[in-house]
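**Q** So I've got this file, input11.txt, and it contains compact mmCIF, C-alpha atoms and all ligand atoms:
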```txt
# COMPACT_ATOMS: atom_id res chain seq x y z
CA MET L 1 -9.85 -18.61 10.16
CA SER L 2 -9.25 -18.12 6.47
CA ARG L 3 -12.32 -16.43 5.10
CA VAL L 4 -13.40 -13.23 3.46
CA ILE L 5 -15.71 -10.86 5.28
CA THR L 6 -17.70 -8.91 2.74
CA GLN L 7 -20.44 -7.49 4.99
CA SER L 8 -20.14 -5.82 8.37
CA ASP L 9 -22.71 -8.14 9.96
CA GLN L 10 -20.38 -11.10 9.21
CA LEU L 11 -17.69 -9.63 11.44
CA ASP L 12 -17.79 -11.92 14.44
CA PHE L 13 -14.22 -11.51 15.74
CA THR L 14 -12.26 -8.82 17.50
CA LEU L 15 -8.56 -7.99 17.36
CA ALA L 16 -7.97 -10.11 20.44
CA ASP L 17 -9.09 -13.20 18.50
CA LEU L 18 -6.41 -12.73 15.82
CA GLU L 19 -2.92 -14.23 15.72
CA ASP L 20 -0.02 -11.86 16.32
CA MET L 21 2.47 -11.07 13.55
CA PRO L 22 5.89 -9.42 13.85
CA ALA L 23 6.33 -5.82 12.70
CA PRO L 24 8.37 -5.63 9.48
CA GLY L 25 12.06 -4.90 9.88
CA LYS L 26 13.00 -4.32 6.24
CA VAL L 27 11.89 -2.06 3.46
CA MET L 28 12.27 -2.50 -0.30
CA VAL L 29 12.53 0.58 -2.51
CA VAL L 30 13.06 0.84 -6.27
CA HIS L 31 15.38 3.57 -7.54
CA PRO L 32 13.50 6.32 -9.46
CA LYS L 33 16.04 6.77 -12.27
CA TYR L 34 13.41 6.01 -14.94
CA PHE L 35 10.37 7.26 -13.03
CA ASP L 36 8.13 9.25 -15.36
CA VAL L 37 4.52 9.82 -16.38
CA LYS L 38 4.33 8.21 -19.82
CA TYR L 39 0.69 7.07 -19.89
CA VAL L 40 -2.51 7.73 -17.96
CA ILE L 41 -3.89 4.85 -15.87
CA ASN L 42 -5.36 6.84 -12.98
CA PRO L 43 -7.04 10.29 -12.83
CA HIS L 44 -4.06 11.90 -11.07
CA MET L 45 -1.79 11.25 -14.06
CA GLU L 46 -3.97 13.24 -16.45
CA GLY L 47 -2.18 16.27 -17.87
CA ASN L 48 1.15 15.19 -16.38
CA ILE L 49 2.72 13.24 -19.24
CA GLY L 50 6.34 14.33 -19.59
CA ASP L 51 6.04 16.71 -16.64
CA ILE L 52 8.37 14.99 -14.17
CA ASN L 53 11.40 16.84 -12.87
CA LYS L 54 13.80 13.88 -12.65
CA GLU L 55 16.33 15.58 -10.43
CA GLU L 56 13.66 16.71 -7.99
CA ALA L 57 12.12 13.22 -7.99
CA GLU L 58 15.45 11.69 -7.06
CA THR L 59 15.97 14.19 -4.23
CA GLU L 60 12.50 13.45 -2.84
CA TRP L 61 13.08 9.70 -3.11
CA ASN L 62 16.53 9.88 -1.44
CA ARG L 63 15.09 11.70 1.58
CA LEU L 64 12.42 9.08 2.00
CA ARG L 65 14.90 6.20 1.70
CA ASP L 66 17.17 7.81 4.29
CA ALA L 67 14.23 8.19 6.66
CA TYR L 68 13.72 4.41 6.73
CA ASN L 69 17.38 3.98 7.55
CA ASN L 70 17.05 6.49 10.35
CA LEU L 71 14.07 4.62 11.79
CA GLY L 72 16.28 1.52 12.00
CA LEU L 73 14.79 -0.41 9.10
CA TYR L 74 17.08 -2.38 6.80
CA VAL L 75 16.73 -0.79 3.36
CA HIS L 76 16.91 -3.03 0.30
CA GLU L 77 17.45 -0.82 -2.74
CA VAL L 78 16.38 -2.40 -6.03
CA GLY L 79 17.73 -1.22 -9.39
CA PRO L 80 15.38 0.52 -11.86
CA GLN L 81 14.18 -0.80 -15.24
CA GLU L 82 14.07 1.64 -18.13
CA GLU L 83 10.85 0.24 -19.65
CA TYR L 84 8.88 0.60 -16.42
CA PRO L 85 8.38 4.21 -15.27
CA ASP L 86 5.96 3.16 -12.47
CA MET L 87 8.17 0.45 -10.98
CA VAL L 88 9.21 2.87 -8.22
CA PHE L 89 5.74 2.20 -6.73
CA CYS L 90 6.85 -1.14 -5.36
CA ALA L 91 3.87 -1.65 -3.03
CA ASN L 92 1.97 -2.93 -6.04
CA GLN L 93 3.71 -5.97 -7.55
CA SER L 94 3.44 -8.33 -4.58
CA LEU L 95 1.92 -9.27 -1.23
CA PRO L 96 4.47 -10.77 1.19
CA ASN L 97 3.64 -12.89 4.24
CA ILE L 98 5.50 -14.32 7.22
CA LYS L 99 4.11 -17.52 8.69
CA ALA L 100 3.95 -18.37 12.38
CA ASP L 101 7.03 -20.63 11.96
CA GLY L 102 9.02 -17.72 10.48
CA THR L 103 8.99 -18.91 6.86
CA LYS L 104 8.37 -16.23 4.29
CA GLU L 105 6.26 -16.35 1.16
CA VAL L 106 4.94 -13.88 -1.37
CA ILE L 107 1.99 -13.75 -3.75
CA MET L 108 2.95 -12.04 -6.98
CA SER L 109 0.47 -9.55 -8.45
CA VAL L 110 -1.43 -9.72 -11.71
CA MET L 111 -1.32 -6.05 -12.65
CA HIS L 112 -4.57 -4.58 -13.96
CA SER L 113 -2.83 -2.24 -16.39
CA PRO L 114 -0.92 -3.82 -19.28
CA GLU L 115 1.68 -1.03 -18.97
CA ARG L 116 2.78 -2.36 -15.57
CA LYS L 117 2.58 -6.15 -16.03
CA GLY L 118 6.27 -6.48 -16.92
CA GLU L 119 7.35 -5.03 -13.54
CA VAL L 120 6.30 -8.18 -11.69
CA PRO L 121 9.09 -10.58 -12.80
CA HIS L 122 11.72 -8.01 -11.80
CA ILE L 123 10.32 -7.78 -8.29
CA GLU L 124 9.89 -11.55 -8.16
CA LYS L 125 13.63 -11.93 -8.66
CA VAL L 126 14.25 -9.85 -5.53
CA TYR L 127 12.10 -12.22 -3.46
CA GLU L 128 13.81 -15.28 -4.90
CA GLU L 129 17.15 -13.86 -3.86
CA SER L 130 15.74 -13.15 -0.38
CA SER L 131 14.58 -16.75 0.20
CA TYR L 132 10.87 -16.07 -0.04
CA LYS L 133 8.68 -18.84 -1.43
CA VAL L 134 7.10 -17.32 -4.54
CA ILE L 135 3.41 -18.02 -5.23
CA HIS L 136 1.72 -17.19 -8.55
CA LEU L 137 -1.97 -16.58 -9.06
CA ASP L 138 -3.63 -18.49 -11.88
CA GLU L 139 -3.90 -15.71 -14.44
CA SER L 140 -6.68 -17.46 -16.34
CA GLN L 141 -8.78 -17.17 -13.19
CA PHE L 142 -7.59 -13.92 -11.63
CA THR L 143 -6.96 -10.95 -13.89
CA ASP L 144 -6.61 -8.14 -11.34
CA PHE L 145 -4.56 -8.05 -8.18
CA GLU L 146 -2.19 -5.21 -7.34
CA GLY L 147 -0.48 -6.50 -4.20
CA MET L 148 -0.13 -4.26 -1.20
CA GLY L 149 -1.67 -1.36 -3.09
CA ASP L 150 -4.96 -3.06 -2.26
CA ALA L 151 -4.20 -5.89 0.20
CA ILE L 152 -2.87 -4.35 3.39
CA TRP L 153 -1.81 -6.19 6.53
CA HIS L 154 -3.28 -5.02 9.81
CA TYR L 155 -0.54 -3.78 12.13
CA LYS L 156 1.00 -6.82 13.87
CA LYS L 157 -2.13 -8.98 13.42
CA ARG L 158 -2.92 -11.79 11.00
CA LEU L 159 -5.63 -9.91 9.14
CA ILE L 160 -5.68 -8.43 5.65
CA TRP L 161 -7.76 -5.47 4.53
CA GLY L 162 -8.58 -6.07 0.86
CA GLY L 163 -9.64 -3.20 -1.40
CA TYR L 164 -11.37 -3.95 -4.69
CA GLY L 165 -13.12 -2.21 -7.54
CA TYR L 166 -10.44 -0.62 -9.70
CA ARG L 167 -7.14 -2.52 -9.64
CA SER L 168 -8.00 -5.71 -7.75
CA SER L 169 -11.09 -7.88 -8.05
CA LYS L 170 -13.24 -8.98 -5.15
CA ASP L 171 -13.04 -12.68 -6.03
CA VAL L 172 -9.25 -12.84 -5.68
CA TYR L 173 -9.56 -12.47 -1.92
CA ASP L 174 -11.07 -15.95 -1.32
CA HIS L 175 -7.94 -17.39 -2.86
CA ILE L 176 -5.64 -15.07 -0.91
CA ALA L 177 -7.39 -15.83 2.39
CA GLU L 178 -6.98 -19.54 1.77
CA THR L 179 -3.41 -19.39 0.46
CA LEU L 180 -2.15 -17.26 3.34
CA ASP L 181 -4.49 -18.82 5.93
CA THR L 182 -5.65 -15.37 6.93
CA PRO L 183 -8.99 -13.62 7.31
CA VAL L 184 -9.58 -10.84 4.81
CA ILE L 185 -11.96 -7.93 5.29
CA ALA L 186 -12.98 -6.85 1.80
CA LEU L 187 -13.65 -3.15 1.17
CA GLU L 188 -15.24 -1.85 -1.99
CA LEU L 189 -13.67 1.33 -3.39
CA ILE L 190 -16.16 3.72 -4.98
CA ASP L 191 -14.22 6.82 -6.05
CA GLU L 192 -11.77 6.40 -8.93
CA LYS L 193 -9.44 9.04 -7.50
CA PHE L 194 -8.90 6.54 -4.68
CA TYR L 195 -8.22 3.60 -6.93
CA HIS L 196 -6.03 1.62 -4.51
CA LEU L 197 -6.90 0.92 -0.89
CA ASP L 198 -3.61 2.55 0.15
CA THR L 199 -4.85 5.89 -1.21
CA CYS L 200 -7.74 6.05 1.27
CA LEU L 201 -6.79 3.85 4.26
CA CYS L 202 -3.61 3.98 6.32
CA ILE L 203 -3.23 1.61 9.25
CA LEU L 204 -1.25 3.40 11.96
CA ASN L 205 -1.26 0.84 14.76
CA GLU L 206 -3.50 -1.98 16.02
CA GLU L 207 -6.31 0.35 17.07
CA THR L 208 -5.85 3.41 14.87
CA VAL L 209 -6.53 4.05 11.20
CA LEU L 210 -6.51 7.11 8.97
CA ILE L 211 -9.15 7.07 6.21
CA TYR L 212 -10.87 9.15 3.57
CA PRO L 213 -14.50 8.16 4.26
CA LYS L 214 -15.98 9.14 0.89
CA ALA L 215 -13.89 6.49 -0.86
CA PHE L 216 -15.90 3.72 0.91
CA THR L 217 -19.47 2.45 1.04
CA GLU L 218 -21.47 2.84 4.26
CA ASP L 219 -21.01 -0.86 5.01
CA GLY L 220 -17.27 -0.56 4.35
CA LEU L 221 -17.09 2.22 6.92
CA ALA L 222 -19.03 0.05 9.36
CA LYS L 223 -16.42 -2.72 8.98
CA ILE L 224 -13.58 -0.28 9.58
CA ARG L 225 -15.28 1.16 12.66
CA LYS L 226 -15.96 -2.29 14.12
CA ILE L 227 -12.26 -3.16 14.18
CA PHE L 228 -10.51 0.16 14.81
CA SER L 229 -11.37 2.01 18.01
CA THR L 230 -9.85 5.25 16.66
CA VAL L 231 -10.64 6.38 13.12
CA ILE L 232 -9.02 9.59 11.88
CA GLU L 233 -10.73 11.16 8.88
CA ALA L 234 -8.80 13.16 6.29
CA ASN L 235 -10.50 16.08 4.56
CA THR L 236 -10.99 16.11 0.78
CA PHE L 237 -8.09 18.46 0.00
CA GLU L 238 -5.54 16.55 2.08
CA ALA L 239 -6.74 13.15 0.87
CA GLU L 240 -7.14 13.99 -2.81
CA GLU L 241 -4.39 16.51 -3.46
CA LEU L 242 -1.81 15.52 -0.85
CA PHE L 243 -2.51 11.78 -0.57
CA ALA L 244 -2.64 12.07 3.24
CA CYS L 245 -3.90 8.48 3.54
CA ASN L 246 -0.94 7.20 1.51
CA ALA L 247 1.20 7.80 4.58
CA THR L 248 3.02 4.96 6.31
CA CYS L 249 3.62 4.08 9.94
CA PRO L 250 6.09 1.17 9.99
CA ASP L 251 6.47 0.98 13.79
CA GLY L 252 3.08 2.08 15.12
CA LYS L 253 4.51 5.43 16.22
CA ASN L 254 6.39 7.31 13.47
CA VAL L 255 4.24 8.49 10.56
CA LEU L 256 5.86 9.38 7.24
CA ILE L 257 3.50 11.58 5.25
CA GLN L 258 3.38 14.07 2.36
CA LYS L 259 4.13 17.56 3.60
CA GLY L 260 1.29 20.02 4.17
CA CYS L 261 -1.38 17.69 5.60
CA VAL L 262 -2.03 20.25 8.32
CA GLU L 263 -5.34 18.93 9.67
CA VAL L 264 -4.38 15.25 9.58
CA ASN L 265 -1.01 15.96 11.18
CA ALA L 266 -2.61 17.88 14.05
CA LYS L 267 -4.90 14.90 14.71
CA LEU L 268 -1.96 12.48 14.54
CA GLU L 269 0.11 14.51 16.99
CA GLU L 270 -2.80 14.83 19.37
CA LEU L 271 -2.89 11.02 19.50
CA GLY L 272 0.84 10.85 20.24
CA PHE L 273 2.16 9.92 16.78
CA ILE L 274 5.45 11.44 15.62
CA VAL L 275 4.92 13.09 12.24
CA HIS L 276 7.70 13.25 9.63
CA GLU L 277 6.81 15.30 6.57
CA PHE L 278 8.22 14.60 3.10
CA ASN L 279 7.78 16.23 -0.25
CA THR L 280 6.61 13.63 -2.79
CA GLU L 281 5.23 16.19 -5.26
CA GLU L 282 6.77 14.60 -8.34
CA PHE L 283 5.28 11.21 -7.43
CA LEU L 284 1.86 12.72 -6.68
CA LYS L 285 1.74 13.62 -10.40
CA SER L 286 1.61 9.86 -11.03
CA GLY L 287 -0.99 9.15 -8.34
CA GLY L 288 1.37 7.88 -5.67
CA SER L 289 3.06 9.04 -2.48
CA VAL L 290 4.87 7.68 0.56
CA PHE L 291 3.10 4.35 1.18
CA CYS L 292 3.27 3.01 -2.33
CA MET L 293 6.91 4.01 -2.87
CA LYS L 294 8.07 1.09 -0.74
CA MET L 295 7.31 -2.43 0.39
CA LEU L 296 7.67 -3.38 4.04
CA LEU L 297 9.18 -6.83 4.49
CA TRP L 298 10.30 -9.24 7.15
N1 LIG T 301 1.02 5.50 -11.62
C1 LIG T 301 0.89 4.39 -10.75
C2 LIG T 301 -0.34 3.58 -11.13
O1 LIG T 301 -1.32 4.14 -11.51
C3 LIG T 301 0.82 4.84 -9.33
C4 LIG T 301 0.72 3.72 -8.35
C5 LIG T 301 0.64 4.18 -6.95
N2 LIG T 301 0.50 3.10 -6.08
C6 LIG T 301 -0.37 3.00 -5.08
N3 LIG T 301 -0.38 1.90 -4.40
N4 LIG T 301 -1.22 3.91 -4.79
O2 LIG T 301 -0.35 2.38 -11.06
```
Could the structure of this file be written out as structure tokens, please?

**A**
Amino acid sequence: MSRVITQSDQLDFTLADLEDMPAPGKVMVVHPKYFDVKYVINPHMEGNIGDINKEEAETEWNRLRDAYNNLGLYVHEVGPQEEYPDMVFCANQSLPNIKADGTKEVIMSVMHSPERKGEVPHIEKVYEESSYKVIHLDESQFTDFEGMGDAIWHYKKRLIWGGYGYRSSKDVYDHIAETLDTPVIALELIDEKFYHLDTCLCILNEETVLIYPKAFTEDGLAKIRKIFSTVIEANTFEAEELFACNATCPDGKNVLIQKGCVEVNAKLEELGFIVHEFNTEEFLKSGGSVFCMKMLLW
């Protein structure tokens, strides 16, 4: 079942029809030594050039890294590269996969922004050293694909949610569906403040998702509601200013989220999730928060 669903009326399967996948047991993070805002490639970065408190950024990043350790995940810390101030957002350079037979592979991104293209080979090296089979997109055919910023695995199911419009193109998903032998549900993004799917959709467990509805079309929302039985909606302040939907829930229970998302957190706790708040203020200045500061791996 390797096809792309672009319209809600094409959705003819339920979660029960999908293959199971293991939950990730590892997390990759890139040290923020050279993290900075040096250019503007998303609306959140505007006015923030040179405004990063490096020491504060490192403190915030250390707390987050330690939290993954505490949740029992194996943390793979990757060294920073001076030329790439955004490399700390390591959800973007790749899309890893584990096959039913346990073999691991990864599709490397074709970054939309020229400023970030050079990050990809550095991340590729990490996969090579971790015995992943590395797959490259044909760059003459596909010009935009930003990895797990836009292509997000459903929790423990062989299904990808594929955002497009700003950093990834819609047509790349046919190729991804075929290469990874996985259905993809494509979602158009319509608000440039929510330029990656991971800024407006956070999969919490098999049945539950946290979204910012205004970032999607009506038909996109219909697709989300057909698959998830529980849809939590973030308000504009928490989604836009605090990146509430850029949270992460690696085990279907513990949610790591920017601090201060009062309304979202109350909804999460009501549903039985355990909320862990983190300050990612320095990274918010660059248009990123918890989810995109790591890559979950097998
Ligand atoms: N400054 C980075 C960029 O614009 C932030 C990336 C955040 N990543 C994410 N998946 N939301 O590319």

**Q** Hey, can you check how far CA of Met108 in chain L sits from CA of Phe145 in chain L?

**A**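 According to the coordinates, CA of Met108 in chain L and CA of Phe145 in chain L are separated by 8.6 Å.
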
**Q** Let me have all residues with an atom within 9 Å of ligand LIG 301 (chain T), counting all atoms listed in the file, laid out as an mmCIF file with C-alpha atoms, in the coordinates of the input.

**A**
```cif
data_model
loop_
_atom_site.group_PDB
_atom_site.id
_atom_site.type_symbol
_atom_site.label_atom_id
_atom_site.label_comp_id
_atom_site.auth_asym_id
_atom_site.auth_seq_id
_atom_site.Cartn_x
_atom_site.Cartn_y
_atom_site.Cartn_z
ATOM 1 C CA ASP L 36 8.130 9.250 -15.360
ATOM 2 C CA VAL L 37 4.520 9.820 -16.380
ATOM 3 C CA TYR L 39 0.690 7.070 -19.890
ATOM 4 C CA VAL L 40 -2.510 7.730 -17.960
ATOM 5 C CA ILE L 41 -3.890 4.850 -15.870
ATOM 6 C CA ASN L 42 -5.360 6.840 -12.980
ATOM 7 C CA PRO L 43 -7.040 10.290 -12.830
ATOM 8 C CA HIS L 44 -4.060 11.900 -11.070
ATOM 9 C CA MET L 45 -1.790 11.250 -14.060
ATOM 10 C CA PRO L 85 8.380 4.210 -15.270
ATOM 11 C CA ASP L 86 5.960 3.160 -12.470
ATOM 12 C CA MET L 87 8.170 0.450 -10.980
ATOM 13 C CA VAL L 88 9.210 2.870 -8.220
ATOM 14 C CA PHE L 89 5.740 2.200 -6.730
ATOM 15 C CA CYS L 90 6.850 -1.140 -5.360
ATOM 16 C CA ALA L 91 3.870 -1.650 -3.030
ATOM 17 C CA ASN L 92 1.970 -2.930 -6.040
ATOM 18 C CA MET L 111 -1.320 -6.050 -12.650
ATOM 19 C CA HIS L 112 -4.570 -4.580 -13.960
ATOM 20 C CA SER L 113 -2.830 -2.240 -16.390
ATOM 21 C CA GLU L 115 1.680 -1.030 -18.970
ATOM 22 C CA ARG L 116 2.780 -2.360 -15.570
ATOM 23 C CA GLU L 146 -2.190 -5.210 -7.340
ATOM 24 C CA GLY L 147 -0.480 -6.500 -4.200
ATOM 25 C CA MET L 148 -0.130 -4.260 -1.200
ATOM 26 C CA GLY L 149 -1.670 -1.360 -3.090
ATOM 27 C CA ASP L 150 -4.960 -3.060 -2.260
ATOM 28 C CA ARG L 167 -7.140 -2.520 -9.640
ATOM 29 C CA PHE L 194 -8.900 6.540 -4.680
ATOM 30 C CA TYR L 195 -8.220 3.600 -6.930
ATOM 31 C CA HIS L 196 -6.030 1.620 -4.510
ATOM 32 C CA LEU L 197 -6.900 0.920 -0.890
ATOM 33 C CA ASP L 198 -3.610 2.550 0.150
ATOM 34 C CA THR L 199 -4.850 5.890 -1.210
ATOM 35 C CA ASN L 246 -0.940 7.200 1.510
ATOM 36 C CA PHE L 283 5.280 11.210 -7.430
ATOM 37 C CA LEU L 284 1.860 12.720 -6.680
ATOM 38 C CA LYS L 285 1.740 13.620 -10.400
ATOM 39 C CA SER L 286 1.610 9.860 -11.030
ATOM 40 C CA GLY L 287 -0.990 9.150 -8.340
ATOM 41 C CA GLY L 288 1.370 7.880 -5.670
ATOM 42 C CA SER L 289 3.060 9.040 -2.480
ATOM 43 C CA VAL L 290 4.870 7.680 0.560
ATOM 44 C CA PHE L 291 3.100 4.350 1.180
ATOM 45 C CA CYS L 292 3.270 3.010 -2.330
ATOM 46 C CA MET L 293 6.910 4.010 -2.870
#
```

**Q** Out of L:Met28, L:Leu221, L:Ala23, L:Ala266, which residue has the shortest atom-to-atom distance to Asn205 in chain L when counting all atoms listed in the file?

**A** L:Ala23

**Q** Can you work out the spacing between CA of Glu58 in chain L and CA of Gln258 in chain L in Å, to one decimal?

**A**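 For CA of Glu58 in chain L relative to CA of Gln258 in chain L, the distance reads 15.5 Å.
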
**Q** Could you tell me which of L:Ala67, L:Leu73, L:Val184, L:Val106 comes closest to Leu18 in chain L if we count all atoms listed in the file?

**A**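 With all atoms listed in the file as the atom set, the closest residue is L:Val184.
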
**Q** Of the residues L:Lys214, L:Lys99, L:Arg63, L:His175, which is the one nearest to Glu192 in chain L, using all atoms listed in the file?

**A**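 Closest candidate: L:Lys214.
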
**Q** Name the residues within 9 Å of (-7.7, 0.4, 19.2), counting only C-alpha atoms in the file's coordinates, and put them as a PDB file with C-alpha atoms, in the coordinates of the input.

**A**
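For reference, out_36.pdb as written:
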```
ATOM      1  CA  LEU L  15      -8.560  -7.990  17.360  1.00  0.00           C
ATOM      2  CA  ASN L 205      -1.260   0.840  14.760  1.00  0.00           C
ATOM      3  CA  GLU L 206      -3.500  -1.980  16.020  1.00  0.00           C
ATOM      4  CA  GLU L 207      -6.310   0.350  17.070  1.00  0.00           C
ATOM      5  CA  THR L 208      -5.850   3.410  14.870  1.00  0.00           C
ATOM      6  CA  VAL L 209      -6.530   4.050  11.200  1.00  0.00           C
ATOM      7  CA  ILE L 227     -12.260  -3.160  14.180  1.00  0.00           C
ATOM      8  CA  PHE L 228     -10.510   0.160  14.810  1.00  0.00           C
ATOM      9  CA  SER L 229     -11.370   2.010  18.010  1.00  0.00           C
ATOM     10  CA  THR L 230      -9.850   5.250  16.660  1.00  0.00           C
TER      11      THR L 230
END
```

**Q** At what distance in Å, to one decimal, does CA of Val27 in chain L lie from CA of His76 in chain L?

**A**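 Pair CA of His76 in chain L / CA of Val27 in chain L returns 6.0 Å.
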
**Q** Counting all atoms listed in the file, which residue out of L:Glu105, L:Asp144, L:Glu139, L:Glu60 sits closest to Trp298 in chain L?

**A**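 Of L:Glu105, L:Asp144, L:Glu139, L:Glu60, the one nearest Trp298 in chain L is L:Glu105, counting all atoms listed in the file.
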
**Q** For a quick check of understanding, using all atoms listed in the file, which of L:His31, L:Gly162, L:Ile98, L:Ile176 has the smallest distance to Thr59 in chain L?

**A**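 Answer, going by the shortest atom-to-atom distance: L:His31.
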
**Q** Have a look at L:Asn70, L:Leu201, L:Glu238, L:Tyr34 and name the one nearest to Lys54 in chain L; count all atoms listed in the file.

**A**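 Among the listed residues, the smallest separation from Lys54 in chain L belongs to L:Tyr34.
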
**Q** Got a sec: who's within 12 Å of Val262 in chain L, counting only C-alpha atoms, leaving out chain neighbours fewer than 5 positions off, as a PyMOL selection string?

**A** chain L and resi 234-235+237-239+242+244+257+267-269+275+277

**Q** Around (5.0, 15.8, -17.7) in the file's own coordinates, what residues are found within 8 Å if you use all atoms listed in the file, given back as a list of chain:residue names?

**A**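 Output of the proximity query reads L:Asp36, L:Val37, L:Lys38, L:Gly47, L:Asn48, L:Ile49, L:Gly50, L:Asp51, L:Ile52.
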
**Q** Contacts of Asp17 in chain L at 12 Å or less, counting only C-alpha atoms, minus same-chain residues fewer than 2 places along, as a ChimeraX atom specification?

**A** /L:1,11-15,19-20,157-159,183,227

**Q** Quick one: everything within 9 Å of Glu178 in chain L, counting only C-alpha atoms, minus sequence neighbours fewer than 4 positions away in the same chain. Send it as a ChimeraX atom specification.

**A** /L:1-3,173-174,182-183

**Q** Name all residues at most 8 Å from Val126 in chain L (count all atoms listed in the file; drop same-chain ones fewer than 4 positions away) and give them as an mmCIF file with C-alpha atoms, in the coordinates of the input.

**A**
```cif
data_model
loop_
_atom_site.group_PDB
_atom_site.id
_atom_site.type_symbol
_atom_site.label_atom_id
_atom_site.label_comp_id
_atom_site.auth_asym_id
_atom_site.auth_seq_id
_atom_site.Cartn_x
_atom_site.Cartn_y
_atom_site.Cartn_z
ATOM 1 C CA VAL L 78 16.380 -2.400 -6.030
ATOM 2 C CA HIS L 122 11.720 -8.010 -11.800
ATOM 3 C CA SER L 130 15.740 -13.150 -0.380
#
```
